[in-house]
$ cat protein.cif   # mmCIF, C-alpha atoms and all ligand atoms
data_final
loop_
_atom_site.group_PDB
_atom_site.id
_atom_site.type_symbol
_atom_site.label_atom_id
_atom_site.label_comp_id
_atom_site.auth_asym_id
_atom_site.auth_seq_id
_atom_site.Cartn_x
_atom_site.Cartn_y
_atom_site.Cartn_z
ATOM 1 C CA MET A 736 8.438 7.271 -30.976
ATOM 2 C CA ARG A 737 10.586 10.286 -30.036
ATOM 3 C CA ARG A 738 13.309 9.496 -27.496
ATOM 4 C CA PHE A 739 13.058 11.338 -24.170
ATOM 5 C CA ARG A 740 15.887 13.840 -23.785
ATOM 6 C CA MET A 741 16.505 13.305 -20.072
ATOM 7 C CA LYS A 742 18.181 10.345 -18.312
ATOM 8 C CA ASP A 743 16.490 11.290 -14.998
ATOM 9 C CA LEU A 744 13.596 13.333 -13.703
ATOM 10 C CA VAL A 745 15.111 15.000 -10.643
ATOM 11 C CA SER A 746 13.329 18.371 -10.794
ATOM 12 C CA MET A 747 10.950 20.585 -12.750
ATOM 13 C CA GLU A 748 13.829 23.044 -12.923
ATOM 14 C CA SER A 749 15.754 20.658 -15.190
ATOM 15 C CA LEU A 750 12.939 20.292 -17.754
ATOM 16 C CA GLN A 751 12.301 22.197 -20.974
ATOM 17 C CA PRO A 752 8.858 23.038 -22.413
ATOM 18 C CA ALA A 753 9.147 20.210 -24.983
ATOM 19 C CA ASP A 754 9.781 17.664 -22.188
ATOM 20 C CA VAL A 755 6.560 18.669 -20.431
ATOM 21 C CA LEU A 756 4.660 18.410 -23.704
ATOM 22 C CA GLN A 757 6.085 14.939 -24.352
ATOM 23 C CA ILE A 758 5.180 13.794 -20.828
ATOM 24 C CA PHE A 759 1.621 15.118 -21.227
ATOM 25 C CA GLU A 760 1.162 13.508 -24.660
ATOM 26 C CA THR A 761 2.342 10.158 -23.280
ATOM 27 C CA THR A 762 0.186 10.557 -20.160
ATOM 28 C CA ALA A 763 -2.926 11.219 -22.243
ATOM 29 C CA ARG A 764 -2.197 8.138 -24.359
ATOM 30 C CA LEU A 765 -1.490 5.835 -21.402
ATOM 31 C CA LYS A 766 -4.587 7.064 -19.570
ATOM 32 C CA ARG A 767 -6.927 5.926 -22.369
ATOM 33 C CA PRO A 768 -8.736 2.725 -21.363
ATOM 34 C CA ARG A 769 -7.380 0.814 -24.365
ATOM 35 C CA SER A 770 -3.730 1.308 -23.465
ATOM 36 C CA ARG A 771 -4.138 1.547 -19.709
ATOM 37 C CA HIS A 772 -3.015 -2.013 -18.959
ATOM 38 C CA ARG A 773 -0.651 -2.589 -21.902
ATOM 39 C CA PRO A 774 2.563 -4.159 -20.516
ATOM 40 C CA TYR A 775 4.985 -1.587 -21.964
ATOM 41 C CA LEU A 776 7.377 -2.216 -19.063
ATOM 42 C CA ARG A 777 7.024 -6.000 -18.746
ATOM 43 C CA GLY A 778 9.873 -7.423 -16.670
ATOM 44 C CA LYS A 779 11.080 -3.992 -15.511
ATOM 45 C CA ILE A 780 11.645 -3.376 -11.801
ATOM 46 C CA LEU A 781 11.209 -0.049 -10.000
ATOM 47 C CA GLY A 782 13.096 0.505 -6.717
ATOM 48 C CA MET A 783 11.407 3.014 -4.384
ATOM 49 C CA ILE A 784 13.394 4.558 -1.517
ATOM 50 C CA PHE A 785 11.426 6.568 1.052
ATOM 51 C CA GLU A 786 12.966 8.660 3.822
ATOM 52 C CA LYS A 787 9.549 10.227 4.512
ATOM 53 C CA ALA A 788 5.959 8.982 4.800
ATOM 54 C CA SER A 789 3.718 8.586 1.749
ATOM 55 C CA LEU A 790 0.332 7.377 0.592
ATOM 56 C CA ARG A 791 -0.098 8.663 -2.981
ATOM 57 C CA THR A 792 3.499 8.540 -4.175
ATOM 58 C CA ARG A 793 4.084 5.001 -2.989
ATOM 59 C CA VAL A 794 0.767 3.592 -4.198
ATOM 60 C CA SER A 795 0.619 5.503 -7.489
ATOM 61 C CA PHE A 796 4.154 4.462 -8.470
ATOM 62 C CA GLU A 797 3.624 0.854 -7.451
ATOM 63 C CA ALA A 798 0.154 0.531 -9.036
ATOM 64 C CA GLY A 799 1.415 2.340 -12.150
ATOM 65 C CA MET A 800 4.350 -0.036 -12.513
ATOM 66 C CA LEU A 801 2.027 -3.039 -12.083
ATOM 67 C CA GLU A 802 -0.333 -1.662 -14.755
ATOM 68 C CA LEU A 803 2.652 -1.394 -17.102
ATOM 69 C CA GLY A 804 3.513 -5.056 -16.496
ATOM 70 C CA GLY A 805 6.488 -4.386 -14.214
ATOM 71 C CA HIS A 806 7.192 -4.780 -10.521
ATOM 72 C CA ALA A 807 8.054 -2.360 -7.688
ATOM 73 C CA ILE A 808 10.149 -2.812 -4.531
ATOM 74 C CA TYR A 809 9.491 -0.522 -1.557
ATOM 75 C CA LEU A 810 12.238 0.462 0.903
ATOM 76 C CA ASP A 811 11.070 2.659 3.760
ATOM 77 C CA GLN A 812 13.053 4.769 6.180
ATOM 78 C CA GLY A 813 13.170 1.946 8.759
ATOM 79 C CA ASN A 814 15.198 -0.049 6.227
ATOM 80 C CA PHE A 815 16.930 2.859 4.733
ATOM 81 C CA LYS A 816 18.793 5.984 5.782
ATOM 82 C CA LEU A 817 20.446 7.288 2.664
ATOM 83 C CA GLY A 818 24.131 7.904 3.208
ATOM 84 C CA GLU A 819 24.101 6.562 6.775
ATOM 85 C CA ARG A 820 24.376 2.779 6.531
ATOM 86 C CA GLU A 821 26.346 3.181 3.340
ATOM 87 C CA SER A 822 27.203 5.984 0.947
ATOM 88 C CA ILE A 823 24.824 7.170 -1.758
ATOM 89 C CA TYR A 824 27.471 6.080 -4.275
ATOM 90 C CA ASP A 825 27.436 2.521 -2.924
ATOM 91 C CA VAL A 826 23.622 2.440 -2.835
ATOM 92 C CA ALA A 827 23.587 3.593 -6.485
ATOM 93 C CA LYS A 828 26.131 0.986 -7.531
ATOM 94 C CA ASN A 829 24.105 -1.786 -5.833
ATOM 95 C CA MET A 830 20.648 -0.715 -6.937
ATOM 96 C CA GLU A 831 21.637 -0.427 -10.611
ATOM 97 C CA ARG A 832 22.490 -4.151 -10.542
ATOM 98 C CA PHE A 833 19.035 -5.084 -9.186
ATOM 99 C CA VAL A 834 16.454 -2.705 -10.624
ATOM 100 C CA HIS A 835 15.917 -0.810 -13.876
ATOM 101 C CA ILE A 836 14.689 2.518 -12.479
ATOM 102 C CA LEU A 837 14.754 4.241 -9.090
ATOM 103 C CA MET A 838 12.372 6.622 -7.331
ATOM 104 C CA LEU A 839 13.461 8.480 -4.192
ATOM 105 C CA ARG A 840 11.696 10.566 -1.559
ATOM 106 C CA THR A 841 14.301 12.365 0.522
ATOM 107 C CA PHE A 842 14.920 15.305 2.799
ATOM 108 C CA SER A 843 17.993 16.535 0.952
ATOM 109 C CA HIS A 844 17.516 17.438 -2.720
ATOM 110 C CA GLN A 845 21.262 16.952 -3.188
ATOM 111 C CA ALA A 846 20.823 13.265 -2.266
ATOM 112 C CA ILE A 847 18.602 12.813 -5.345
ATOM 113 C CA LEU A 848 21.071 14.691 -7.563
ATOM 114 C CA ASP A 849 23.919 12.542 -6.202
ATOM 115 C CA MET A 850 21.978 9.338 -6.801
ATOM 116 C CA ALA A 851 21.226 10.430 -10.377
ATOM 117 C CA LYS A 852 24.896 11.243 -10.914
ATOM 118 C CA HIS A 853 26.180 7.907 -9.628
ATOM 119 C CA ALA A 854 23.455 5.512 -10.852
ATOM 120 C CA SER A 855 23.517 4.346 -14.455
ATOM 121 C CA ILE A 856 19.737 3.798 -14.267
ATOM 122 C CA PRO A 857 17.084 6.577 -14.413
ATOM 123 C CA VAL A 858 16.321 8.345 -11.128
ATOM 124 C CA ILE A 859 12.985 10.038 -10.346
ATOM 125 C CA ASN A 860 12.359 12.608 -7.598
ATOM 126 C CA GLY A 861 9.308 11.520 -5.562
ATOM 127 C CA LEU A 862 9.616 14.664 -3.357
ATOM 128 C CA SER A 863 12.590 16.349 -1.727
ATOM 129 C CA ASP A 864 12.737 19.424 0.491
ATOM 130 C CA ASP A 865 13.206 21.502 -2.677
ATOM 131 C CA GLU A 866 10.974 19.974 -5.337
ATOM 132 C CA HIS A 867 8.045 17.668 -6.078
ATOM 133 C CA PRO A 868 8.149 17.440 -9.888
ATOM 134 C CA CYS A 869 5.787 14.450 -10.357
ATOM 135 C CA GLN A 870 3.212 16.342 -8.302
ATOM 136 C CA ALA A 871 3.516 19.526 -10.383
ATOM 137 C CA LEU A 872 3.205 17.541 -13.616
ATOM 138 C CA ALA A 873 0.062 15.781 -12.348
ATOM 139 C CA ASP A 874 -1.314 19.132 -11.132
ATOM 140 C CA LEU A 875 -0.869 20.806 -14.513
ATOM 141 C CA PHE A 876 -2.147 17.773 -16.410
ATOM 142 C CA THR A 877 -5.297 17.993 -14.251
ATOM 143 C CA ILE A 878 -5.684 21.715 -14.976
ATOM 144 C CA LEU A 879 -5.301 20.945 -18.686
ATOM 145 C CA GLU A 880 -8.051 18.312 -18.487
ATOM 146 C CA HIS A 881 -10.435 20.666 -16.702
ATOM 147 C CA ARG A 882 -9.617 23.966 -18.440
ATOM 148 C CA LYS A 883 -8.496 22.619 -21.872
ATOM 149 C CA THR A 884 -5.427 24.900 -21.884
ATOM 150 C CA LEU A 885 -2.590 26.009 -19.611
ATOM 151 C CA MET A 886 -1.533 29.055 -21.601
ATOM 152 C CA GLY A 887 -2.712 32.219 -19.808
ATOM 153 C CA GLN A 888 -4.342 30.372 -16.903
ATOM 154 C CA LYS A 889 -3.850 32.037 -13.512
ATOM 155 C CA LEU A 890 -2.657 29.561 -10.884
ATOM 156 C CA VAL A 891 -2.483 30.907 -7.336
ATOM 157 C CA PHE A 892 -0.614 28.848 -4.756
ATOM 158 C CA ILE A 893 -1.552 29.771 -1.182
ATOM 159 C CA GLY A 894 0.958 28.668 1.452
ATOM 160 C CA ASP A 895 4.578 27.864 2.076
ATOM 161 C CA GLY A 896 6.986 28.723 -0.750
ATOM 162 C CA ASN A 897 8.781 25.387 -0.562
ATOM 163 C CA ASN A 898 8.918 22.110 -2.519
ATOM 164 C CA VAL A 899 5.448 21.990 -4.121
ATOM 165 C CA ALA A 900 5.347 25.740 -4.828
ATOM 166 C CA ASN A 901 8.869 25.633 -6.305
ATOM 167 C CA SER A 902 7.973 22.870 -8.749
ATOM 168 C CA LEU A 903 4.718 24.620 -9.673
ATOM 169 C CA ALA A 904 6.599 27.870 -10.373
ATOM 170 C CA TYR A 905 8.897 26.111 -12.858
ATOM 171 C CA ALA A 906 6.017 24.112 -14.352
ATOM 172 C CA ALA A 907 3.923 27.266 -14.840
ATOM 173 C CA ALA A 908 6.894 29.033 -16.452
ATOM 174 C CA LEU A 909 7.387 26.154 -18.901
ATOM 175 C CA THR A 910 3.727 26.113 -19.950
ATOM 176 C CA GLY A 911 2.807 29.807 -20.243
ATOM 177 C CA MET A 912 0.749 30.167 -17.069
ATOM 178 C CA HIS A 913 0.427 33.145 -14.705
ATOM 179 C CA PHE A 914 1.716 31.858 -11.367
ATOM 180 C CA VAL A 915 1.372 33.675 -8.053
ATOM 181 C CA CYS A 916 2.678 32.233 -4.787
ATOM 182 C CA VAL A 917 0.977 34.038 -1.898
ATOM 183 C CA SER A 918 2.503 33.496 1.552
ATOM 184 C CA PRO A 919 3.070 35.259 4.849
ATOM 185 C CA GLU A 920 6.384 37.120 5.235
ATOM 186 C CA GLY A 921 9.171 34.682 6.022
ATOM 187 C CA TYR A 922 7.615 31.819 4.023
ATOM 188 C CA MET A 923 7.648 33.288 0.534
ATOM 189 C CA LEU A 924 8.997 31.744 -2.626
ATOM 190 C CA LYS A 925 12.785 32.223 -2.628
ATOM 191 C CA ASP A 926 14.455 34.877 -4.832
ATOM 192 C CA ALA A 927 16.545 32.186 -6.536
ATOM 193 C CA VAL A 928 13.458 30.179 -7.532
ATOM 194 C CA ILE A 929 11.710 33.266 -8.915
ATOM 195 C CA GLU A 930 14.809 34.198 -10.923
ATOM 196 C CA LYS A 931 15.319 30.693 -12.304
ATOM 197 C CA ALA A 932 11.613 30.255 -13.105
ATOM 198 C CA ARG A 933 11.505 33.621 -14.888
ATOM 199 C CA LYS A 934 14.545 32.615 -16.959
ATOM 200 C CA LYS A 935 12.714 29.451 -18.030
ATOM 201 C CA ALA A 936 9.459 31.266 -18.746
ATOM 202 C CA ILE A 937 8.060 30.879 -22.241
ATOM 203 C CA SER A 938 6.373 33.868 -23.854
ATOM 204 C CA GLY A 939 3.325 34.980 -21.866
ATOM 205 C CA ALA A 940 4.224 33.186 -18.623
ATOM 206 C CA THR A 941 4.521 35.282 -15.463
ATOM 207 C CA ILE A 942 5.938 34.267 -12.068
ATOM 208 C CA GLN A 943 5.102 36.372 -9.035
ATOM 209 C CA ARG A 944 4.902 36.220 -5.265
ATOM 210 C CA ALA A 945 2.644 38.185 -2.956
ATOM 211 C CA VAL A 946 1.641 38.682 0.666
ATOM 212 C CA ASN A 947 -1.871 40.040 0.150
ATOM 213 C CA LEU A 948 -4.108 36.969 -0.173
ATOM 214 C CA ARG A 949 -7.309 38.725 -1.214
ATOM 215 C CA GLU A 950 -5.592 40.646 -3.996
ATOM 216 C CA ALA A 951 -3.625 37.617 -5.210
ATOM 217 C CA VAL A 952 -6.600 35.292 -5.684
ATOM 218 C CA ARG A 953 -8.674 37.718 -7.759
ATOM 219 C CA GLY A 954 -9.405 36.264 -11.192
ATOM 220 C CA ALA A 955 -7.711 32.949 -10.420
ATOM 221 C CA ASP A 956 -8.491 29.973 -12.671
ATOM 222 C CA CYS A 957 -6.969 27.552 -10.186
ATOM 223 C CA LEU A 958 -6.424 27.918 -6.443
ATOM 224 C CA TYR A 959 -3.906 25.561 -4.862
ATOM 225 C CA THR A 960 -2.849 24.974 -1.288
ATOM 226 C CA ASP A 961 -0.608 22.642 0.732
ATOM 227 C CA VAL A 962 0.006 21.902 4.408
ATOM 228 C CA TRP A 963 1.495 24.671 6.538
ATOM 229 C CA ALA A 964 4.129 22.384 8.080
ATOM 230 C CA SER A 965 5.783 19.980 5.646
ATOM 231 C CA MET A 966 7.269 16.612 6.509
ATOM 232 C CA GLY A 967 10.350 17.233 8.637
ATOM 233 C CA GLN A 968 8.932 20.534 10.008
ATOM 234 C CA GLU A 969 6.722 18.928 12.663
ATOM 235 C CA LYS A 970 8.444 20.866 15.487
ATOM 236 C CA GLU A 971 7.524 24.154 13.790
ATOM 237 C CA ARG A 972 3.853 23.227 13.569
ATOM 238 C CA GLU A 973 2.578 25.692 16.188
ATOM 239 C CA ALA A 974 4.666 28.615 14.985
ATOM 240 C CA ARG A 975 3.591 27.926 11.415
ATOM 241 C CA ALA A 976 -0.087 27.638 12.371
ATOM 242 C CA ALA A 977 0.172 31.152 13.834
ATOM 243 C CA ALA A 978 2.017 32.534 10.806
ATOM 244 C CA PHE A 979 -0.378 30.991 8.244
ATOM 245 C CA LYS A 980 -3.694 31.438 10.087
ATOM 246 C CA ASP A 981 -4.872 34.213 7.725
ATOM 247 C CA TYR A 982 -3.948 32.169 4.648
ATOM 248 C CA GLN A 983 -6.711 29.570 4.784
ATOM 249 C CA LEU A 984 -8.435 28.579 1.552
ATOM 250 C CA ASN A 985 -12.069 29.000 2.631
ATOM 251 C CA ASP A 986 -15.384 30.035 1.048
ATOM 252 C CA GLU A 987 -14.630 33.741 1.348
ATOM 253 C CA ILE A 988 -11.339 33.357 -0.551
ATOM 254 C CA LEU A 989 -12.892 31.006 -3.107
ATOM 255 C CA ALA A 990 -15.565 33.624 -3.866
ATOM 256 C CA LEU A 991 -12.868 36.131 -4.950
ATOM 257 C CA ALA A 992 -11.573 33.868 -7.732
ATOM 258 C CA LYS A 993 -13.302 33.209 -11.087
ATOM 259 C CA PRO A 994 -16.775 31.674 -10.668
ATOM 260 C CA ASP A 995 -15.595 28.447 -12.334
ATOM 261 C CA VAL A 996 -12.275 28.294 -10.452
ATOM 262 C CA ILE A 997 -10.881 24.819 -9.773
ATOM 263 C CA VAL A 998 -9.239 23.911 -6.471
ATOM 264 C CA GLU A 999 -6.159 21.737 -6.160
ATOM 265 C CA HIS A 1000 -4.269 20.331 -3.180
ATOM 266 C CA CYS A 1001 -1.363 17.898 -3.394
ATOM 267 C CA LEU A 1002 -2.711 16.067 -0.323
ATOM 268 C CA PRO A 1003 -2.496 15.047 2.471
ATOM 269 C CA ALA A 1004 -4.815 17.885 3.528
ATOM 270 C CA HIS A 1005 -5.104 19.164 7.066
ATOM 271 C CA ARG A 1006 -8.797 19.939 6.831
ATOM 272 C CA GLY A 1007 -9.739 22.971 8.907
ATOM 273 C CA GLU A 1008 -6.195 24.356 8.693
ATOM 274 C CA GLU A 1009 -5.010 25.325 5.200
ATOM 275 C CA ILE A 1010 -8.349 24.371 3.582
ATOM 276 C CA THR A 1011 -11.929 24.035 4.837
ATOM 277 C CA ASP A 1012 -14.158 21.001 4.256
ATOM 278 C CA SER A 1013 -16.557 23.297 2.418
ATOM 279 C CA VAL A 1014 -13.884 24.056 -0.201
ATOM 280 C CA ILE A 1015 -12.127 20.711 -0.546
ATOM 281 C CA ASP A 1016 -15.484 18.909 -0.801
ATOM 282 C CA SER A 1017 -17.029 21.524 -3.116
ATOM 283 C CA ALA A 1018 -17.832 21.135 -6.811
ATOM 284 C CA HIS A 1019 -14.748 23.317 -7.503
ATOM 285 C CA SER A 1020 -12.392 20.733 -6.026
ATOM 286 C CA VAL A 1021 -10.458 18.406 -8.363
ATOM 287 C CA VAL A 1022 -8.161 16.985 -5.694
ATOM 288 C CA PHE A 1023 -8.978 13.334 -6.335
ATOM 289 C CA ASP A 1024 -8.613 13.693 -10.125
ATOM 290 C CA GLU A 1025 -5.265 15.270 -9.310
ATOM 291 C CA ALA A 1026 -4.291 12.351 -7.052
ATOM 292 C CA GLU A 1027 -5.300 9.831 -9.736
ATOM 293 C CA ASN A 1028 -3.272 11.714 -12.319
ATOM 294 C CA ARG A 1029 -0.139 11.154 -10.242
ATOM 295 C CA MET A 1030 -0.314 7.559 -11.434
ATOM 296 C CA HIS A 1031 -0.916 8.373 -15.100
ATOM 297 C CA VAL A 1032 1.829 11.005 -15.251
ATOM 298 C CA GLN A 1033 4.320 8.756 -13.465
ATOM 299 C CA LYS A 1034 3.553 5.851 -15.809
ATOM 300 C CA ALA A 1035 4.419 8.200 -18.674
ATOM 301 C CA ILE A 1036 7.612 9.338 -16.940
ATOM 302 C CA MET A 1037 8.744 5.756 -16.281
ATOM 303 C CA ALA A 1038 7.906 4.652 -19.827
ATOM 304 C CA LEU A 1039 9.762 7.629 -21.331
ATOM 305 C CA LEU A 1040 12.829 7.244 -19.091
ATOM 306 C CA LEU A 1041 13.000 3.548 -19.967
ATOM 307 C CA GLY A 1042 12.647 4.280 -23.666
ATOM 308 C CA ARG A 1043 9.174 2.783 -24.036
ATOM 309 C CA GLY A 1044 7.213 6.008 -24.317
HETATM 310 N N1 LIG B 1 0.999 14.307 -2.687
HETATM 311 C C1 LIG B 1 1.822 13.355 -2.233
HETATM 312 O O1 LIG B 1 2.988 13.264 -2.609
HETATM 313 O O2 LIG B 1 1.255 12.494 -1.349
HETATM 314 P P1 LIG B 1 2.029 11.477 -0.417
HETATM 315 O O3 LIG B 1 2.869 12.281 0.528
HETATM 316 O O4 LIG B 1 0.962 10.689 0.291
HETATM 317 O O5 LIG B 1 2.891 10.589 -1.276
HETATM 318 N N1 LIG B 2 4.904 20.202 1.239
HETATM 319 C C1 LIG B 2 4.445 18.891 1.645
HETATM 320 C C2 LIG B 2 3.980 18.120 0.458
HETATM 321 C C3 LIG B 2 3.450 16.746 0.748
HETATM 322 C C4 LIG B 2 3.070 15.987 -0.493
HETATM 323 C C5 LIG B 2 5.576 18.163 2.347
HETATM 324 O O1 LIG B 2 6.735 18.285 1.909
HETATM 325 O O2 LIG B 2 5.310 17.498 3.353
#

$ encode --input "protein.cif" --output "structure tokens" --more "lines below"
Ligand code: CP
Ligand code: NVA
Amino acid sequence: MRRFRMKDLVSMESLQPADVLQIFETTARLKRPRSRHRPYLRGKILGMIFEKASLRTRVSFEAGMLELGGHAIYLDQGNFKLGERESIYDVAKNMERFVHILMLRTFSHQAILDMAKHASIPVINGLSDDEHPCQALADLFTILEHRKTLMGQKLVFIGDGNNVANSLAYAAALTGMHFVCVSPEGYMLKDAVIEKARKKAISGATIQRAVNLREAVRGADCLYTDVWASMGQEKEREARAAAFKDYQLNDEILALAKPDVIVEHCLPAHRGEEITDSVIDSAHSVVFDEAENRMHVQKAIMALLLGRG
């Protein structure tokens, strides 16, 4: 078995094309019924630190660790304010004595980088304000399952150019996709992300941003959307609803993409806001396959980081 190159999985930005390939190969293997409950990580303990709410990330990591024969410990924000009760360094130095691998969901991306720097054990990003790498890997694995290839596929993200869009931009660059992030002015993918993603792009991959929704979605193989106000932006909800109101993924927008377009959403969805029931419940939607794949991809990530891939 090839060793995984990385100690941690803190971002999509830090990965190389070969890492993504290795994660997908391991995911496909672990997803097969015969190996699904093999205890590759028997006796291993995952620590999960959450500063923000979660359904999928918490349950998919915990269930995944249980399927691999390990155990997971959940620390929520009531128990835990990273860097407040004690420093990130001290948390790292404690946790590495108790658990074998750590997953964090934080506001600050730097907090995850600091934890990875100080902890001797592997650290996984379970969403920060800047990135959601496990999500992007599950999203692309799902596209691969449904479309049989990623190379040359057009993925259009409709919404805020923040964490999920950032990770998708890097992921698309690493796998040869055509990525377009379409957003209202003021919420577009940042220059720095576009530049870094383009530098990582393998031959054939393109990374673009746009304001014109109808133009952007033409010929799309996959349409993707996310909430208009992310966790931590609750006070901006009204202003964002006004800014994003013309960026809803509805039947009219769906009809402009390829006839066999698939629809993704990281979830939770605010039905009737960024996506209509008619789209998320349509035959085009793969959102629950995508949610399930969070678990399979994360099992692969944990197995690879712990040298059991
Ligand atoms: N997509 C995702 O990360 O879901 P949760 O916020 O429920 O974990
Ligand atoms: N952009 C969203 C993603 C939730 C999975 C958020 O950060 O709240």

$ resolve_selection --input "protein.cif" --expression "the PyMOL selection byres (((not hetatm)) within 10 of (chain B and resi 2))" --output "PyMOL selection string"
chain A and resi 787-792+840-842+861-867+870+894-900+960-969+1000-1004

$ write_last_selection --input "protein.cif" --atoms "C-alpha atoms" --output "compact mmCIF listing (two decimals), keeping the file's coordinate frame"
# COMPACT_ATOMS: atom_id res chain seq x y z
CA LYS A 787 9.55 10.23 4.51
CA ALA A 788 5.96 8.98 4.80
CA SER A 789 3.72 8.59 1.75
CA LEU A 790 0.33 7.38 0.59
CA ARG A 791 -0.10 8.66 -2.98
CA THR A 792 3.50 8.54 -4.18
CA ARG A 840 11.70 10.57 -1.56
CA THR A 841 14.30 12.36 0.52
CA PHE A 842 14.92 15.30 2.80
CA GLY A 861 9.31 11.52 -5.56
CA LEU A 862 9.62 14.66 -3.36
CA SER A 863 12.59 16.35 -1.73
CA ASP A 864 12.74 19.42 0.49
CA ASP A 865 13.21 21.50 -2.68
CA GLU A 866 10.97 19.97 -5.34
CA HIS A 867 8.04 17.67 -6.08
CA GLN A 870 3.21 16.34 -8.30
CA GLY A 894 0.96 28.67 1.45
CA ASP A 895 4.58 27.86 2.08
CA GLY A 896 6.99 28.72 -0.75
CA ASN A 897 8.78 25.39 -0.56
CA ASN A 898 8.92 22.11 -2.52
CA VAL A 899 5.45 21.99 -4.12
CA ALA A 900 5.35 25.74 -4.83
CA THR A 960 -2.85 24.97 -1.29
CA ASP A 961 -0.61 22.64 0.73
CA VAL A 962 0.01 21.90 4.41
CA TRP A 963 1.50 24.67 6.54
CA ALA A 964 4.13 22.38 8.08
CA SER A 965 5.78 19.98 5.65
CA MET A 966 7.27 16.61 6.51
CA GLY A 967 10.35 17.23 8.64
CA GLN A 968 8.93 20.53 10.01
CA GLU A 969 6.72 18.93 12.66
CA HIS A 1000 -4.27 20.33 -3.18
CA CYS A 1001 -1.36 17.90 -3.39
CA LEU A 1002 -2.71 16.07 -0.32
CA PRO A 1003 -2.50 15.05 2.47
CA ALA A 1004 -4.82 17.89 3.53

$ resolve_selection --input "protein.cif" --expression "the PyMOL selection byres (((chain A and resi 834) around 12) and not hetatm)" --output "ChimeraX atom specification"
/A:778-783,805-809,826-833,835-838,854-858,1041

$ resolve_selection --input "protein.cif" --expression "the PyMOL selection byres (((chain A and resi 881) around 12) and not hetatm)" --output "list in words"
Asp874, Leu875, Phe876, Thr877, Ile878, Leu879, Glu880, Arg882, Lys883, Thr884, Leu885, Gln888, Asp956, Cys957, Asp995, Val996, Ile997, Val998, Glu999, His1019, Ser1020, Val1021, Val1022, Asp1024 and Glu1025 of chain A

$ residues_near_point --input "protein.cif" --point "(3.7, 34.8, 2.2)" --cutoff "9 Å" --atoms "all atoms listed in the file" --output "PyMOL selection string"
chain A and resi 893-896+916-924+944-948+979+982

$ closest_residue --input "protein.cif" --among "A:Lys742, A:Lys935, A:Lys993, A:Arg975" --to "Gly954 of chain A" --atoms "all atoms listed in the file"
A:Lys993

$ build_atoms --input "protein.cif" --residues "segment 863-867 of chain A" --atoms "all heavy atoms" --output "PDB file, in the coordinates of the input"
ATOM      1  N   SER A 863      11.454  15.987  -2.585  1.00  0.00           N
ATOM      2  CA  SER A 863      12.590  16.349  -1.727  1.00  0.00           C
ATOM      3  C   SER A 863      12.187  17.643  -1.023  1.00  0.00           C
ATOM      4  O   SER A 863      11.100  18.175  -1.275  1.00  0.00           O
ATOM      5  CB  SER A 863      13.847  16.581  -2.577  1.00  0.00           C
ATOM      6  OG  SER A 863      13.676  17.726  -3.396  1.00  0.00           O
ATOM      7  N   ASP A 864      13.062  18.156  -0.175  1.00  0.00           N
ATOM      8  CA  ASP A 864      12.737  19.424   0.491  1.00  0.00           C
ATOM      9  C   ASP A 864      12.624  20.575  -0.516  1.00  0.00           C
ATOM     10  O   ASP A 864      12.014  21.602  -0.214  1.00  0.00           O
ATOM     11  CB  ASP A 864      13.798  19.763   1.543  1.00  0.00           C
ATOM     12  CG  ASP A 864      13.627  18.929   2.810  1.00  0.00           C
ATOM     13  OD1 ASP A 864      12.577  18.273   2.968  1.00  0.00           O
ATOM     14  OD2 ASP A 864      14.560  18.923   3.649  1.00  0.00           O
ATOM     15  N   ASP A 865      13.189  20.405  -1.696  1.00  0.00           N
ATOM     16  CA  ASP A 865      13.206  21.502  -2.677  1.00  0.00           C
ATOM     17  C   ASP A 865      12.192  21.372  -3.798  1.00  0.00           C
ATOM     18  O   ASP A 865      11.802  22.386  -4.394  1.00  0.00           O
ATOM     19  CB  ASP A 865      14.585  21.609  -3.351  1.00  0.00           C
ATOM     20  CG  ASP A 865      15.662  22.063  -2.408  1.00  0.00           C
ATOM     21  OD1 ASP A 865      15.372  22.260  -1.207  1.00  0.00           O
ATOM     22  OD2 ASP A 865      16.814  22.209  -2.850  1.00  0.00           O
ATOM     23  N   GLU A 866      11.821  20.156  -4.144  1.00  0.00           N
ATOM     24  CA  GLU A 866      10.974  19.974  -5.337  1.00  0.00           C
ATOM     25  C   GLU A 866      10.057  18.765  -5.210  1.00  0.00           C
ATOM     26  O   GLU A 866      10.361  17.813  -4.472  1.00  0.00           O
ATOM     27  CB  GLU A 866      11.866  19.801  -6.577  1.00  0.00           C
ATOM     28  CG  GLU A 866      12.366  21.122  -7.159  1.00  0.00           C
ATOM     29  CD  GLU A 866      12.047  21.275  -8.643  1.00  0.00           C
ATOM     30  OE1 GLU A 866      11.031  20.725  -9.103  1.00  0.00           O
ATOM     31  OE2 GLU A 866      12.841  21.940  -9.323  1.00  0.00           O
ATOM     32  N   HIS A 867       8.965  18.813  -5.959  1.00  0.00           N
ATOM     33  CA  HIS A 867       8.045  17.668  -6.078  1.00  0.00           C
ATOM     34  C   HIS A 867       7.565  17.646  -7.544  1.00  0.00           C
ATOM     35  O   HIS A 867       6.407  17.950  -7.836  1.00  0.00           O
ATOM     36  CB  HIS A 867       6.876  17.854  -5.103  1.00  0.00           C
ATOM     37  CG  HIS A 867       6.119  16.593  -4.797  1.00  0.00           C
ATOM     38  ND1 HIS A 867       6.432  15.368  -5.347  1.00  0.00           N
ATOM     39  CD2 HIS A 867       5.036  16.362  -3.990  1.00  0.00           C
ATOM     40  CE1 HIS A 867       5.592  14.449  -4.885  1.00  0.00           C
ATOM     41  NE2 HIS A 867       4.740  15.017  -4.063  1.00  0.00           N
TER      42      HIS A 867
END
